[in-house]
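Enquirer: I am sharing protein_0.txt, which consists of compact mmCIF, C-alpha atoms:
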```txt
# COMPACT_ATOMS: atom_id res chain seq x y z
CA MET A 250 23.79 6.83 32.70
CA SER A 251 25.32 5.27 29.61
CA LEU A 252 25.49 1.52 29.14
CA PHE A 253 29.28 1.59 29.48
CA TRP A 254 29.22 3.31 32.86
CA ARG A 255 26.43 1.04 34.12
CA ILE A 256 28.40 -2.11 33.39
CA PHE A 257 31.72 -0.57 34.49
CA SER A 258 30.25 0.68 37.79
CA LEU A 259 28.78 -2.71 38.63
CA ASN A 260 31.98 -4.56 37.81
CA ALA A 261 34.05 -1.98 39.68
CA ALA A 262 31.82 -2.30 42.74
CA GLY A 263 32.26 -6.07 42.73
CA LEU A 264 36.05 -5.78 42.44
CA VAL A 265 36.23 -3.13 45.19
CA VAL A 266 34.19 -5.31 47.53
CA ALA A 267 36.39 -8.30 46.74
CA ALA A 268 39.57 -6.27 47.39
CA ALA A 269 38.15 -4.91 50.64
CA LEU A 270 37.38 -8.39 51.83
CA LEU A 271 40.89 -9.58 50.98
CA LEU A 272 42.49 -6.64 52.83
CA GLY A 273 40.08 -6.77 55.73
CA PRO A 274 39.66 -9.17 58.57
CA VAL A 275 37.74 -11.70 56.52
CA THR A 276 39.88 -14.70 55.62
CA VAL A 277 39.41 -18.02 53.90
CA SER A 278 40.88 -21.04 55.66
CA THR A 279 42.52 -24.03 54.08
CA PRO A 280 40.67 -26.26 53.54
CA VAL A 281 37.61 -24.03 52.94
CA THR A 282 34.88 -24.50 55.49
CA ALA A 283 31.24 -24.95 54.50
CA ALA A 284 30.23 -21.53 55.87
CA GLU A 285 32.99 -19.81 53.90
CA ALA A 286 31.99 -21.63 50.69
CA VAL A 287 28.37 -20.57 51.15
CA VAL A 288 29.40 -16.92 51.60
CA VAL A 289 31.56 -16.98 48.45
CA VAL A 290 28.91 -18.72 46.36
CA VAL A 291 26.16 -16.35 47.54
CA GLY A 292 28.34 -13.30 46.82
CA LEU A 293 29.18 -14.60 43.36
CA ALA A 294 25.51 -15.30 42.63
CA VAL A 295 24.51 -11.80 43.73
CA LEU A 296 27.21 -10.27 41.54
CA LEU A 297 26.17 -12.34 38.50
CA ALA A 298 22.48 -11.57 39.02
CA ALA A 299 23.17 -7.84 39.28
CA ASN A 300 25.36 -7.99 36.17
CA ALA A 301 22.63 -9.87 34.22
CA LEU A 302 19.99 -7.36 35.37
CA VAL A 303 22.05 -4.38 34.24
CA LEU A 304 22.72 -5.99 30.85
CA ARG A 305 19.07 -6.95 30.34
CA VAL A 306 17.82 -3.47 31.21
CA GLY A 307 20.52 -1.81 29.14
CA LEU A 308 20.05 -3.99 26.06
CA ALA A 309 16.22 -4.03 26.12
CA PRO A 310 15.95 -0.85 23.96
CA LEU A 311 18.21 -2.47 21.37
CA LYS A 312 15.92 -5.51 21.23
CA ARG A 313 12.91 -3.23 20.75
CA LEU A 314 14.82 -1.42 18.01
CA GLY A 315 15.53 -4.74 16.29
CA ARG A 316 11.83 -5.64 16.32
CA ALA A 317 10.91 -2.20 14.96
CA MET A 318 13.47 -2.54 12.16
CA ALA A 319 12.16 -5.99 11.24
CA ALA A 320 8.57 -4.69 11.07
CA ALA A 321 9.35 -1.44 9.21
CA ASP A 322 7.48 -0.98 5.93
CA LEU A 323 7.88 2.17 3.85
CA LEU A 324 4.41 1.64 2.38
CA ARG A 325 2.96 1.97 5.91
CA PRO A 326 4.67 5.13 7.13
CA GLY A 327 4.58 6.66 10.58
CA ALA A 328 5.71 3.76 12.80
CA ARG A 329 8.73 4.72 14.89
CA ALA A 330 10.76 3.03 17.60
CA ALA A 331 10.36 4.50 21.10
CA VAL A 332 13.44 6.46 22.20
CA ALA A 333 14.45 5.06 25.61
CA GLY A 334 17.30 3.41 27.47
CA PRO A 335 20.94 4.38 28.00
CA THR A 336 22.56 7.24 26.11
CA GLU A 337 24.08 5.06 23.39
CA ALA A 338 20.84 3.15 22.78
CA ALA A 339 18.74 6.33 22.75
CA ALA A 340 21.14 7.96 20.28
CA LEU A 341 21.03 4.87 18.03
CA ILE A 342 17.21 4.77 18.08
CA THR A 343 17.01 8.50 17.33
CA THR A 344 19.38 8.05 14.38
CA TYR A 345 17.28 5.15 13.09
CA ASN A 346 14.06 7.19 13.33
CA THR A 347 15.72 10.09 11.48
CA MET A 348 16.92 7.70 8.78
CA LEU A 349 13.39 6.29 8.47
CA ASP A 350 11.99 9.82 8.06
CA ARG A 351 14.45 10.47 5.25
CA LEU A 352 13.74 7.13 3.55
CA GLU A 353 9.97 7.70 3.68
CA ALA A 354 10.35 11.19 2.23
CA GLU A 355 12.59 9.88 -0.56
CA ARG A 356 10.23 6.97 -1.21
CA ALA A 357 7.25 9.34 -1.45
CA ALA A 358 9.13 11.62 -3.84
CA GLY A 359 10.28 8.67 -5.95
CA ALA A 360 6.79 7.19 -6.01
CA GLY A 361 5.41 10.55 -7.10
CA ARG A 362 7.81 10.79 -10.01
CA ALA A 363 7.16 7.18 -11.03
CA LEU A 364 3.38 7.53 -10.86
CA SER A 365 3.47 10.81 -12.78
CA ALA A 366 5.53 9.13 -15.50
CA GLN A 367 3.10 6.20 -15.46
CA GLU A 368 0.10 8.49 -15.93
CA ARG A 369 1.80 10.27 -18.81
CA GLU A 370 2.52 6.92 -20.44
CA ARG A 371 -1.08 5.83 -19.87
CA HIS A 372 -2.31 8.97 -21.61
CA ARG A 373 0.06 8.44 -24.53
CA ILE A 374 -0.98 4.80 -25.02
CA ALA A 375 -4.68 5.66 -24.67
CA ARG A 376 -4.35 8.44 -27.24
CA GLU A 377 -2.56 6.15 -29.68
CA LEU A 378 -5.13 3.40 -29.18
CA HIS A 379 -7.95 5.85 -29.81
CA ASP A 380 -6.38 7.79 -32.65
CA GLU A 381 -4.46 5.07 -34.47
CA VAL A 382 -5.89 1.62 -33.70
CA GLY A 383 -9.43 2.88 -33.16
CA GLN A 384 -9.53 4.80 -36.42
CA THR A 385 -8.01 1.87 -38.30
CA LEU A 386 -10.67 -0.51 -36.97
CA THR A 387 -13.37 2.02 -37.79
CA ALA A 388 -12.10 2.17 -41.36
CA VAL A 389 -12.03 -1.63 -41.54
CA LEU A 390 -15.60 -1.72 -40.23
CA LEU A 391 -16.75 0.69 -42.93
CA GLN A 392 -14.93 -1.28 -45.61
CA LEU A 393 -16.59 -4.48 -44.41
CA LYS A 394 -19.95 -2.71 -44.66
CA ARG A 395 -19.28 -1.91 -48.32
CA VAL A 396 -18.07 -5.47 -48.93
CA ALA A 397 -21.23 -6.87 -47.31
CA ASP A 398 -23.41 -4.81 -49.62
CA ARG A 399 -21.73 -6.30 -52.71
CA ALA A 400 -20.96 -9.81 -51.42
CA PRO A 401 -22.81 -12.85 -52.75
CA GLU A 402 -25.54 -14.27 -50.58
CA GLU A 403 -23.44 -17.28 -49.49
CA LEU A 404 -20.67 -14.99 -48.15
CA ARG A 405 -22.77 -12.42 -46.36
CA GLU A 406 -22.97 -14.42 -43.14
CA GLU A 407 -19.19 -14.69 -42.92
CA VAL A 408 -18.80 -11.00 -43.69
CA ALA A 409 -21.35 -10.20 -40.98
CA GLN A 410 -19.34 -12.29 -38.51
CA ALA A 411 -16.21 -10.37 -39.47
CA GLN A 412 -18.11 -7.13 -38.92
CA GLU A 413 -19.21 -8.22 -35.45
CA ALA A 414 -15.69 -9.32 -34.53
CA THR A 415 -14.29 -5.99 -35.72
CA ARG A 416 -16.99 -4.06 -33.85
CA ALA A 417 -16.25 -6.04 -30.67
CA GLY A 418 -12.54 -5.35 -31.05
CA LEU A 419 -13.25 -1.64 -31.53
CA ASP A 420 -15.40 -1.58 -28.38
CA GLU A 421 -12.64 -3.35 -26.44
CA ILE A 422 -10.05 -0.86 -27.69
CA ARG A 423 -12.25 2.02 -26.57
CA ARG A 424 -12.83 0.38 -23.18
CA ILE A 425 -9.09 -0.09 -22.65
CA ALA A 426 -8.44 3.50 -23.68
CA ARG A 427 -11.05 4.76 -21.20
CA ARG A 428 -9.45 2.76 -18.39
CA LEU A 429 -5.99 4.01 -19.27
CA ARG A 430 -7.09 7.63 -19.52
CA PRO A 431 -10.24 8.44 -17.54
CA GLY A 432 -11.53 11.25 -19.72
CA VAL A 433 -14.75 11.45 -17.72
CA LEU A 434 -12.67 12.36 -14.66
CA GLU A 435 -11.10 15.30 -16.47
CA GLU A 436 -14.33 16.43 -18.11
CA LEU A 437 -17.08 15.75 -15.54
CA GLY A 438 -15.30 15.37 -12.22
CA LEU A 439 -14.67 12.65 -9.63
CA ALA A 440 -18.30 11.86 -8.75
CA SER A 441 -19.30 11.21 -12.36
CA ALA A 442 -16.11 9.23 -12.95
CA LEU A 443 -16.84 6.92 -10.01
CA ARG A 444 -20.42 6.39 -11.14
CA SER A 445 -19.17 5.57 -14.64
CA LEU A 446 -16.62 3.17 -13.13
CA ALA A 447 -19.35 1.36 -11.22
CA GLY A 448 -21.37 0.97 -14.41
CA GLU A 449 -18.34 -0.31 -16.29
CA PHE A 450 -17.74 -3.11 -13.77
CA SER A 451 -21.43 -4.03 -13.44
CA ALA A 452 -21.11 -6.96 -15.82
CA HIS A 453 -20.13 -10.60 -15.93
CA GLY A 454 -22.05 -11.53 -12.78
CA LEU A 455 -20.90 -8.54 -10.68
CA THR A 456 -23.32 -5.84 -9.55
CA VAL A 457 -21.66 -2.61 -8.40
CA ARG A 458 -23.67 -0.01 -6.50
CA HIS A 459 -22.42 3.53 -5.98
CA HIS A 460 -23.07 6.10 -3.26
CA VAL A 461 -21.36 9.32 -4.33
CA PRO A 462 -23.17 12.39 -3.01
CA GLY A 463 -22.60 15.92 -4.19
CA GLY A 464 -21.11 18.70 -2.13
CA LEU A 465 -17.81 16.98 -1.38
CA PRO A 466 -14.93 19.03 0.01
CA PRO A 467 -12.59 20.49 -2.63
CA LEU A 468 -9.78 18.15 -3.67
CA THR A 469 -6.67 18.62 -5.75
CA GLU A 470 -6.44 17.01 -9.19
CA GLU A 471 -3.79 14.67 -7.82
CA SER A 472 -6.06 13.53 -4.97
CA GLU A 473 -8.98 12.97 -7.35
CA LEU A 474 -6.80 10.87 -9.61
CA VAL A 475 -5.55 8.78 -6.66
CA LEU A 476 -9.12 8.23 -5.43
CA TYR A 477 -10.20 7.14 -8.91
CA ARG A 478 -7.23 4.80 -9.42
CA VAL A 479 -7.69 3.18 -5.98
CA ALA A 480 -11.39 2.60 -6.71
CA GLN A 481 -10.49 1.19 -10.12
CA GLU A 482 -7.85 -1.17 -8.71
CA GLY A 483 -10.16 -2.23 -5.88
CA LEU A 484 -12.92 -3.19 -8.30
CA THR A 485 -10.40 -4.89 -10.58
CA ASN A 486 -9.23 -7.08 -7.67
CA THR A 487 -12.85 -7.79 -6.80
CA ALA A 488 -13.69 -8.88 -10.34
CA ARG A 489 -10.55 -11.01 -10.74
CA HIS A 490 -9.90 -12.60 -7.36
CA SER A 491 -12.77 -12.27 -4.86
CA ALA A 492 -15.47 -14.45 -6.47
CA ALA A 493 -17.97 -11.78 -5.38
CA ASP A 494 -21.32 -11.02 -7.01
CA ARG A 495 -21.94 -7.68 -5.27
CA ALA A 496 -19.73 -4.67 -4.66
CA GLU A 497 -20.16 -1.01 -3.83
CA ILE A 498 -18.28 2.26 -4.11
CA ARG A 499 -18.92 4.82 -1.41
CA LEU A 500 -17.35 8.28 -1.27
CA GLN A 501 -18.35 10.42 1.67
CA PRO A 502 -17.09 13.47 3.57
CA VAL A 503 -15.67 12.84 7.04
CA ALA A 504 -14.51 15.13 9.83
CA ASP A 505 -11.04 15.75 8.41
CA GLY A 506 -11.44 15.04 4.69
CA VAL A 507 -13.11 12.44 2.47
CA GLU A 508 -13.16 8.65 2.67
CA LEU A 509 -13.46 6.20 -0.20
CA LEU A 510 -14.83 2.73 0.53
CA VAL A 511 -14.75 -0.16 -1.95
CA ARG A 512 -16.57 -3.17 -0.45
CA ASP A 513 -17.40 -6.60 -1.84
CA ASN A 514 -19.00 -9.79 -0.53
CA GLY A 515 -16.30 -12.15 -1.80
CA LYS A 516 -13.96 -14.53 -0.05
CA GLY A 517 -11.99 -11.79 1.72
CA VAL A 518 -8.30 -11.03 2.06
CA ARG A 519 -7.53 -13.83 4.56
CA ASN A 520 -3.78 -14.45 4.56
CA ALA A 521 -3.24 -13.66 0.90
CA THR A 522 0.05 -12.06 -0.07
CA GLU A 523 -0.25 -8.47 -1.24
CA GLY A 524 0.33 -8.29 -4.97
CA ALA A 525 1.37 -5.51 -7.29
CA GLY A 526 -2.14 -4.04 -7.36
CA ILE A 527 -2.32 -3.49 -3.60
CA ARG A 528 1.25 -2.22 -3.48
CA GLY A 529 0.33 0.23 -6.24
CA MET A 530 -2.62 1.46 -4.18
CA ARG A 531 -0.37 1.94 -1.15
CA GLU A 532 2.15 3.89 -3.21
CA ARG A 533 -0.59 6.14 -4.57
CA ALA A 534 -1.91 6.74 -1.06
CA LEU A 535 1.61 7.53 0.10
CA LEU A 536 1.94 10.06 -2.70
CA ILE A 537 -0.77 12.33 -1.25
CA GLY A 538 -0.29 11.42 2.41
CA ALA A 539 -3.55 9.43 2.60
CA ASP A 540 -4.29 6.39 4.77
CA LEU A 541 -5.10 3.10 3.02
CA THR A 542 -6.46 0.14 4.96
CA LEU A 543 -7.61 -3.32 3.87
CA ALA A 544 -9.80 -5.28 6.24
CA ALA A 545 -12.54 -7.88 6.35
CA ALA A 546 -15.97 -6.50 5.51
CA PRO A 547 -18.94 -7.12 7.81
CA GLY A 548 -20.48 -10.42 6.85
CA GLY A 549 -17.50 -11.46 4.73
CA GLY A 550 -15.66 -9.91 1.85
CA THR A 551 -13.13 -7.10 1.75
CA ASP A 552 -13.17 -3.43 2.65
CA VAL A 553 -10.68 -1.09 0.95
CA ARG A 554 -10.68 2.32 2.64
CA LEU A 555 -8.78 5.40 1.55
CA LEU A 556 -8.86 8.44 3.82
CA VAL A 557 -7.71 11.70 2.24
CA ARG A 558 -7.28 14.40 4.85
CA GLY A 559 -7.72 18.11 4.37
CA ASN A 560 -7.36 19.83 1.01
CA ARG A 561 -4.86 17.33 -0.39
```
Please go through the file and, once you have read it, give me the structure as structure tokens.

Expert:
Amino acid sequence: MSLFWRIFSLNAAGLVVAAALLLGPVTVSTPVTAAEAVVVVVGLAVLLAANALVLRVGLAPLKRLGRAMAAADLLRPGARAAVAGPTEAAALITTYNTMLDRLEAERAAGAGRALSAQERERHRIARELHDEVGQTLTAVLLQLKRVADRAPEELREEVAQAQEATRAGLDEIRRIARRLRPGVLEELGLASALRSLAGEFSAHGLTVRHHVPGGLPPLTEESELVLYRVAQEGLTNTARHSAADRAEIRLQPVADGVELLVRDNGKGVRNATEGAGIRGMRERALLIGADLTLAAAPGGGTDVRLLVRGNR
């Protein structure tokens, strides 16, 4: 029964009973006796209680819908409001769930286009850094070498310092280019890329272990790139924010796909607000339909898990 007919039927029943009492043998004397007042008050209380019960039951699905709408997050897809209650409420909840399906699909498509454009831009910048800036610094380094060979003795130390600064800048440019465009992923595959990533972050007081066995299920290029970027962002957050001295990357096959685990022994997520890095990881997971979870690690620290199902 719809909410309208529930409320109308209850109110109609109360009015019919009142009319029947007025037309029947029941009368109210003047002045009203105590017994008559008790009967009227009890009848009114029963009518109000029944009306409140019908409204509470009828509006409960709308309250649940309100809570579901307040908790909805397109970066955590799949949550839907339960379809229940009167016809109007059930139709409204169904419409909301359908709208959420459409929004999640549009968000996934938009995120895919944005991330694809981002990867193309990363490749362009990495190529320009390597081809333009890297070659320029290499030429400067060679020129400094020729200058050092002809420089007076009192200037050779300064020229050597300039050479070291240039060499350090060239190494930094190459490191940035590798992070922007993981060539090892394209050339040697995901396992080698993750091992290389662990070695790259094993510096500045952070030791990163890796457990990446062979014989993993086949993955699409898009899934491999998402796994690599999530591992990269997880280790970046560890190095910048966790105050950890140990971390690990673990990639292993599971029953319905593969699971990536990035774990550290830092201060943990606690109640920290999710920043752009975590939102980026969620958007990448959404792109391939994977499940991303962040939780406290055993013994302290943070666990970042990415589950990629099937041949995605």

Enquirer: Sorted by chain and rising residue number, list the residues of segment 428-514 of chain A at most 10 Å from segment 354-369 of chain A (counting only C-alpha atoms), each with its closest atom pair and distance in Å to one decimal, as CSV.

Expert:
```
residue,atom,partner,partner_atom,distance
A:Leu429,CA,A:Glu368,CA,8.3
A:Arg430,CA,A:Glu368,CA,8.1
A:Glu471,CA,A:Ser365,CA,9.6
A:Leu474,CA,A:Glu368,CA,9.7
A:Val475,CA,A:Leu364,CA,9.9
```

Enquirer: Kindly give the distance, in Å, that separates atom CA of Val457 of chain A and atom CA of Glu497 of chain A, rounded to a single decimal.

Expert: 5.1 Å

Enquirer: For Gln410 of chain A, which residue out of A:Val518, A:Ala309, A:Leu434, A:Ala397 is the nearest one, using all atoms listed in the file?

Expert: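 Among the listed residues, A:Ala397 lies closest to Gln410 of chain A.
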
Enquirer: Point out the residue among A:Glu470, A:Pro547, A:Leu443, A:Arg478 with the least atom-to-atom distance to Ala534 of chain A, counting all atoms listed in the file.

Expert: A:Arg478

Enquirer: Between A:Ala426, A:Leu391, A:Ala414, A:Ala340, which residue has the minimum interatomic distance to His379 of chain A, considering all atoms listed in the file?

Expert: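 Using all atoms listed in the file, the shortest distance to His379 of chain A belongs to A:Ala426.
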
Enquirer: Ranking A:Arg371, A:Arg531, A:Arg512, A:Lys394 by minimum distance to Ile425 of chain A and counting only C-alpha atoms, which one comes first?

Expert: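 Once distances to Ile425 of chain A are computed over only C-alpha atoms, the minimum belongs to A:Arg371.
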
Enquirer: Report, in Å to a single decimal, how far apart atom CA of Ala333 of chain A and atom CA of Leu349 of chain A are.

Expert: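 According to the coordinates, atom CA of Leu349 of chain A and atom CA of Ala333 of chain A are separated by 17.2 Å.
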
Enquirer: Quote the spacing between atom CA of Asn346 of chain A and atom CA of Arg329 of chain A in Å to one decimal place.

Expert: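 Taking atom CA of Asn346 of chain A and atom CA of Arg329 of chain A, their separation equals 6.1 Å.
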
Enquirer: Can you tell me, as a CSV table (one decimal) with C-alpha atoms, keeping the file's coordinate frame, which residues sit within 10 Å of (-17.8, 6.7, -12.3) in the file's frame, using only C-alpha atoms?

Expert:
```csv
chain,number,residue,atom,x,y,z
A,431,PRO,CA,-10.2,8.4,-17.5
A,433,VAL,CA,-14.8,11.4,-17.7
A,434,LEU,CA,-12.7,12.4,-14.7
A,437,LEU,CA,-17.1,15.8,-15.5
A,438,GLY,CA,-15.3,15.4,-12.2
A,439,LEU,CA,-14.7,12.6,-9.6
A,440,ALA,CA,-18.3,11.9,-8.8
A,441,SER,CA,-19.3,11.2,-12.4
A,442,ALA,CA,-16.1,9.2,-13.0
A,443,LEU,CA,-16.8,6.9,-10.0
A,444,ARG,CA,-20.4,6.4,-11.1
A,445,SER,CA,-19.2,5.6,-14.6
A,446,LEU,CA,-16.6,3.2,-13.1
A,447,ALA,CA,-19.4,1.4,-11.2
A,448,GLY,CA,-21.4,1.0,-14.4
A,449,GLU,CA,-18.3,-0.3,-16.3
A,450,PHE,CA,-17.7,-3.1,-13.8
A,459,HIS,CA,-22.4,3.5,-6.0
A,461,VAL,CA,-21.4,9.3,-4.3
A,477,TYR,CA,-10.2,7.1,-8.9
A,480,ALA,CA,-11.4,2.6,-6.7
A,481,GLN,CA,-10.5,1.2,-10.1
A,498,ILE,CA,-18.3,2.3,-4.1
```

Enquirer: Residues near Ala317 of chain A, anyone? I mean within 8 Å using all atoms listed in the file, not counting same-chain ones fewer than 4 positions away, as JSON, numbers by chain.

Expert: {"A": [313, 321, 329, 330]}

Enquirer: Just to be explicit: take each residue in the selection above, keep C-alpha atoms, and write the result as a short mmCIF file (atom, residue, chain, number, x, y, z; two decimals), in the frame of the given file.

Expert:
```cif
data_model
loop_
_atom_site.label_atom_id
_atom_site.label_comp_id
_atom_site.auth_asym_id
_atom_site.auth_seq_id
_atom_site.Cartn_x
_atom_site.Cartn_y
_atom_site.Cartn_z
CA ARG A 313 12.91 -3.23 20.75
CA ALA A 321 9.35 -1.44 9.21
CA ARG A 329 8.73 4.72 14.89
CA ALA A 330 10.76 3.03 17.60
#
```

Enquirer: Set the distance at 10 Å and use all atoms listed in the file: which residues neighbour Asn514 of chain A once local chain neighbours fewer than 2 positions away are removed? I'd like the list as a compact mmCIF listing (two decimals) with C-alpha atoms, in the coordinates of the input.

Expert:
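selection.txt, written as the output of this step:
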```
# COMPACT_ATOMS: atom_id res chain seq x y z
CA THR A 487 -12.85 -7.79 -6.80
CA SER A 491 -12.77 -12.27 -4.86
CA ALA A 492 -15.47 -14.45 -6.47
CA ALA A 493 -17.97 -11.78 -5.38
CA ASP A 494 -21.32 -11.02 -7.01
CA ARG A 495 -21.94 -7.68 -5.27
CA ALA A 496 -19.73 -4.67 -4.66
CA GLU A 497 -20.16 -1.01 -3.83
CA ARG A 512 -16.57 -3.17 -0.45
CA LYS A 516 -13.96 -14.53 -0.05
CA GLY A 517 -11.99 -11.79 1.72
CA ALA A 545 -12.54 -7.88 6.35
CA ALA A 546 -15.97 -6.50 5.51
CA PRO A 547 -18.94 -7.12 7.81
CA GLY A 548 -20.48 -10.42 6.85
CA GLY A 549 -17.50 -11.46 4.73
CA GLY A 550 -15.66 -9.91 1.85
CA THR A 551 -13.13 -7.10 1.75
CA ASP A 552 -13.17 -3.43 2.65
```
